[in-house]
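K.L.:
The structure that follows is given in the form of structure tokens.
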Amino acid sequence: MHLPDYHGGSIVNLMASIQQGLGGEPHIYPQHRLLTTDQIGQYQQVLLWVIDGMGLNYLRSQPKASHLNANLLGGMTSVYPPTTASAVTSFLSGLAPQQHGLTGWHIFFAELGAILAILPGRPRYGGVPLSQAGIDLSALLNVKPLTDSIPGSTACLVPDKIAKSDFSQYFLGSSKLLTHSSLDELQQNMVERMKRGEERYLFAYWPELDTLGHHHGIWSDSAEQHLLALDHCFSEVVRQCHETGTLVIVCADHGQIDSHPQRRLSLDDHPLLADCLVMPLSGEPRSAYCYLRPDKSECFDQYVTDHLAQQAENYRSDELIEQGWFGIGEPNPQLKRRIGDRVLLMREDYTFNDWLLQEHRYQLVGVHGGLSEDELLVPLIVVEP
């Protein structure tokens, strides 16, 4: 098991380097040791391209992705949990989950009395997005977009299918929004914005590798072929923009592992454990937050020891805050409420799921959110003009 390196080797530290290097406000986290504030400050424009699901070990194992690998500066850690909702929020806010408080795909918001899927912005049971329900996302999140801490104009390049979500609109801040529906269109947008040179900072996001990994496995042929398409896109962006003076940074929010069907556990098969819970699981199938009935904590711990010790590690949730899993510094006032009483951190490639009455009982092949190297470590790819 590995932990995030918030003292100079995580994606949060990269964002500290970018924010300060571009003349922004002082950051509460140290700069990244591989790409410092002074290095970034030399350039008139910075492009950060986040490829969802492209783990460091996965990229290194794919020599055909020669352009990405040739410009690999090194590795760094994601945040805990290493999952899109937490890590992309760190890219968009510059902060760790310790401060932004988004701790997984499903999060219990005590302020609303509901578990939300925060990226689509809907209650877990379904229904309308938060804005349509009259909920002010700025009051709920209370986190400043990173782009609002950087002087000058900025732009966000986001897939059109998520561009209008409450989450995307909130973290857009004062940035210009550019959308794309294909990799070719994203490439065209990146090249065009770099050649124009109007923005100080460009943030681009591409989710398809992660999606293919979830559905087919990160080691599937379809995921490998898509990685090669990303490698070609990267080489074209670099080729067309080498004279623009733009610093190009490519990284990821997390990696993935493939889970064997026999290691996908269900709460349905553990009714005594379910009886200890006061609400459904939240977080991630690889890091499940458990909210316990007050009289069932000892029963819960004993059950895990007796029946799940080979599949999961059982932690007191508040201890993980104290040990710095979610970040360093003053925690979000709601953080303790959002991680429950216990965290079941799954071993090897195990997952642990529960389902609400109306939920489709899906099974993902590629998963993330645990603390294996393959999930936690991401690449830092840098091309200087």
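Residues are named by chain letter and number: chains run A, B, ... in the order of the structure tokens, numbers start at 1 in each chain, and ligands are numbered from 1 in the order shown.
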Per residue of stretch 223-282 of chain A within 8 Å of stretch 34-53 of chain A, record the nearest atom pair and its distance in Å to one decimal, counting only C-alpha atoms, with rows in chain order and ascending residue number, as CSV.
P.N.:
residue,atom,partner,partner_atom,distance
A:Gly245,CA,A:Tyr43,CA,6.6
A:Thr246,CA,A:Gln45,CA,4.8
A:Leu247,CA,A:Val46,CA,4.8
A:Val248,CA,A:Leu47,CA,4.9
A:Ile249,CA,A:Leu48,CA,4.8
A:Val250,CA,A:Trp49,CA,4.8
A:Cys251,CA,A:Val50,CA,5.1
A:Ala252,CA,A:Ile51,CA,4.9
A:Asp253,CA,A:Asp52,CA,5.7
A:His254,CA,A:Gly53,CA,5.3
A:Gly255,CA,A:Gly53,CA,4.7
A:Gln256,CA,A:Gly53,CA,6.1
K.L.:
Write the residues of the preceding selection, restricted to N, CA and C atoms, as a PDB file, in the first residue's frame.
P.N.:
ATOM      1  N   GLY A 245       5.571  28.636 -27.876  1.00  0.00           N
ATOM      2  CA  GLY A 245       6.026  29.049 -26.547  1.00  0.00           C
ATOM      3  C   GLY A 245       5.185  28.488 -25.422  1.00  0.00           C
ATOM      4  N   THR A 246       4.389  27.461 -25.714  1.00  0.00           N
ATOM      5  CA  THR A 246       3.510  26.872 -24.705  1.00  0.00           C
ATOM      6  C   THR A 246       4.191  25.689 -24.026  1.00  0.00           C
ATOM      7  N   LEU A 247       4.132  25.660 -22.704  1.00  0.00           N
ATOM      8  CA  LEU A 247       4.576  24.504 -21.938  1.00  0.00           C
ATOM      9  C   LEU A 247       3.427  23.509 -21.906  1.00  0.00           C
ATOM     10  N   VAL A 248       3.667  22.296 -22.409  1.00  0.00           N
ATOM     11  CA  VAL A 248       2.635  21.266 -22.483  1.00  0.00           C
ATOM     12  C   VAL A 248       2.872  20.246 -21.372  1.00  0.00           C
ATOM     13  N   ILE A 249       1.844  20.057 -20.539  1.00  0.00           N
ATOM     14  CA  ILE A 249       1.896  19.091 -19.449  1.00  0.00           C
ATOM     15  C   ILE A 249       0.756  18.103 -19.641  1.00  0.00           C
ATOM     16  N   VAL A 250       1.084  16.814 -19.605  1.00  0.00           N
ATOM     17  CA  VAL A 250       0.064  15.761 -19.705  1.00  0.00           C
ATOM     18  C   VAL A 250       0.175  14.889 -18.456  1.00  0.00           C
ATOM     19  N   CYS A 251      -0.951  14.622 -17.832  1.00  0.00           N
ATOM     20  CA  CYS A 251      -0.948  13.734 -16.666  1.00  0.00           C
ATOM     21  C   CYS A 251      -2.316  13.066 -16.563  1.00  0.00           C
ATOM     22  N   ALA A 252      -2.580  12.441 -15.433  1.00  0.00           N
ATOM     23  CA  ALA A 252      -3.832  11.717 -15.246  1.00  0.00           C
ATOM     24  C   ALA A 252      -4.339  11.931 -13.835  1.00  0.00           C
ATOM     25  N   ASP A 253      -5.604  11.585 -13.636  1.00  0.00           N
ATOM     26  CA  ASP A 253      -6.190  11.716 -12.307  1.00  0.00           C
ATOM     27  C   ASP A 253      -5.949  10.482 -11.459  1.00  0.00           C
ATOM     28  N   HIS A 254      -5.807   9.314 -12.086  1.00  0.00           N
ATOM     29  CA  HIS A 254      -5.588   8.051 -11.380  1.00  0.00           C
ATOM     30  C   HIS A 254      -5.266   6.993 -12.413  1.00  0.00           C
ATOM     31  N   GLY A 255      -4.857   5.818 -11.957  1.00  0.00           N
ATOM     32  CA  GLY A 255      -4.724   4.662 -12.824  1.00  0.00           C
ATOM     33  C   GLY A 255      -5.884   3.710 -12.603  1.00  0.00           C
ATOM     34  N   GLN A 256      -5.758   2.503 -13.147  1.00  0.00           N
ATOM     35  CA  GLN A 256      -6.799   1.485 -12.996  1.00  0.00           C
ATOM     36  C   GLN A 256      -6.167   0.122 -12.791  1.00  0.00           C
TER      37      GLN A 256
END
K.L.:
Quick check for you: according to DSSP on this backbone, which residues of stretch 10-233 of chain A are classed as strand (DSSP E)? Reply as a ChimeraX atom specification.
P.N.:
/A:45-51,72-77,106-109,114-117,122-123,154-159,176-180,201-206
K.L.:
Could you give me, as a ChimeraX atom specification, the residues within 12 Å of A:Leu273, counting only C-alpha atoms and dropping anything in the same chain fewer than 5 positions from it?
P.N.:
/A:266-268,278-281,290-293,296-308,354
K.L.:
From the set A:Thr211, A:Gln358, A:Asn13, A:Ser287, which residue has the shortest atom-to-atom contact distance to A:Pro82, counting only C-alpha atoms?
P.N.:
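Result for the nearest residue to A:Pro82: A:Ser287.
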K.L.:
Identify which of the residues A:Glu199, A:Phe352, A:Pro331, A:Ala229 lies closest to A:Ser66, counting only C-alpha atoms when measuring atom-to-atom distances.
P.N.:
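Smallest separation from A:Ser66 among the options: A:Ala229.
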K.L.:
Considering only C-alpha atoms, return as a list in words whatever protein or nucleic-acid residues lie within 8 Å of A:Glu198, sequence-local ones (same chain, fewer than 3 positions apart) excluded.
P.N.:
Ser153, Arg193 and Met194 of chain A
K.L.:
Which polymer residues have any atom within 10 Å of an atom of A:Gln188, counting only C-alpha atoms, with same-chain residues fewer than 6 positions away left out, as a PyMOL selection string?
P.N.:
chain A and resi 180+182+233+236-237
K.L.:
Write the residues of the selection above to a file with N, CA and C atoms, as a compact mmCIF listing (two decimals), in the first residue's frame.
P.N.:
# COMPACT_ATOMS: atom_id res chain seq x y z
N HIS A 180 -15.78 19.64 -26.93
CA HIS A 180 -15.39 18.73 -28.01
C HIS A 180 -16.19 17.44 -27.88
N SER A 182 -15.04 14.65 -29.92
CA SER A 182 -14.14 13.61 -30.42
C SER A 182 -12.71 14.00 -30.09
N CYS A 233 -2.31 11.67 -31.02
CA CYS A 233 -2.85 13.01 -30.81
C CYS A 233 -1.82 13.90 -30.10
N GLU A 236 0.93 14.98 -32.45
CA GLU A 236 0.49 16.01 -33.38
C GLU A 236 0.38 17.37 -32.70
N VAL A 237 -0.12 17.39 -31.49
CA VAL A 237 -0.21 18.65 -30.75
C VAL A 237 1.18 19.25 -30.56
K.L.:
Please compute the atom CA of A:Val79-atom CA of A:Asn189 distance, one decimal, in Å.
P.N.:
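Rounded to one decimal, the two atoms are 28.5 Å apart.
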K.L.:
Tell me, as a PyMOL selection string, which residues lie within 12 Å of A:Asn332, counting only C-alpha atoms; anything in the same chain fewer than 3 positions away does not count.
P.N.:
chain A and resi 95-103+140-143+321+326-329+335-339
K.L.:
Mind checking which residues fall within 9 Å of A:Ser259, counting only C-alpha atoms, ignoring those fewer than 3 positions away in the same chain, and posting them as a list of chain:residue names?
P.N.:
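Near neighbours after the sequence-gap exclusion: A:Gly217, A:Gln262, A:Arg263, A:Arg264, A:Glu348, A:Asp349, A:Tyr350, A:Thr351, A:Leu364, A:Val365, A:Gly366, A:Val367.
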K.L.:
Would you mind reading off the distance between atom CA of A:Leu14 and atom CA of A:Val88, one decimal, in Å?
P.N.:
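Computed distance, atom CA of A:Leu14 to atom CA of A:Val88, equals 12.8 Å.
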K.L.:
Could you jot down the atom CA of A:Lys164 to atom CA of A:Tyr205 separation for me, Å, one decimal place?
P.N.:
14.3 Å
K.L.:
Could you go through stretch 24-260 of chain A and tell me which residues DSSP, when run on the backbone, assigns to alpha helix (DSSP H), listing them as a PyMOL selection string?
P.N.:
chain A and resi 37-40+56-60+66-70+84-93+97-100+137-141+160-163+166-172+183-196+208-216+221-240
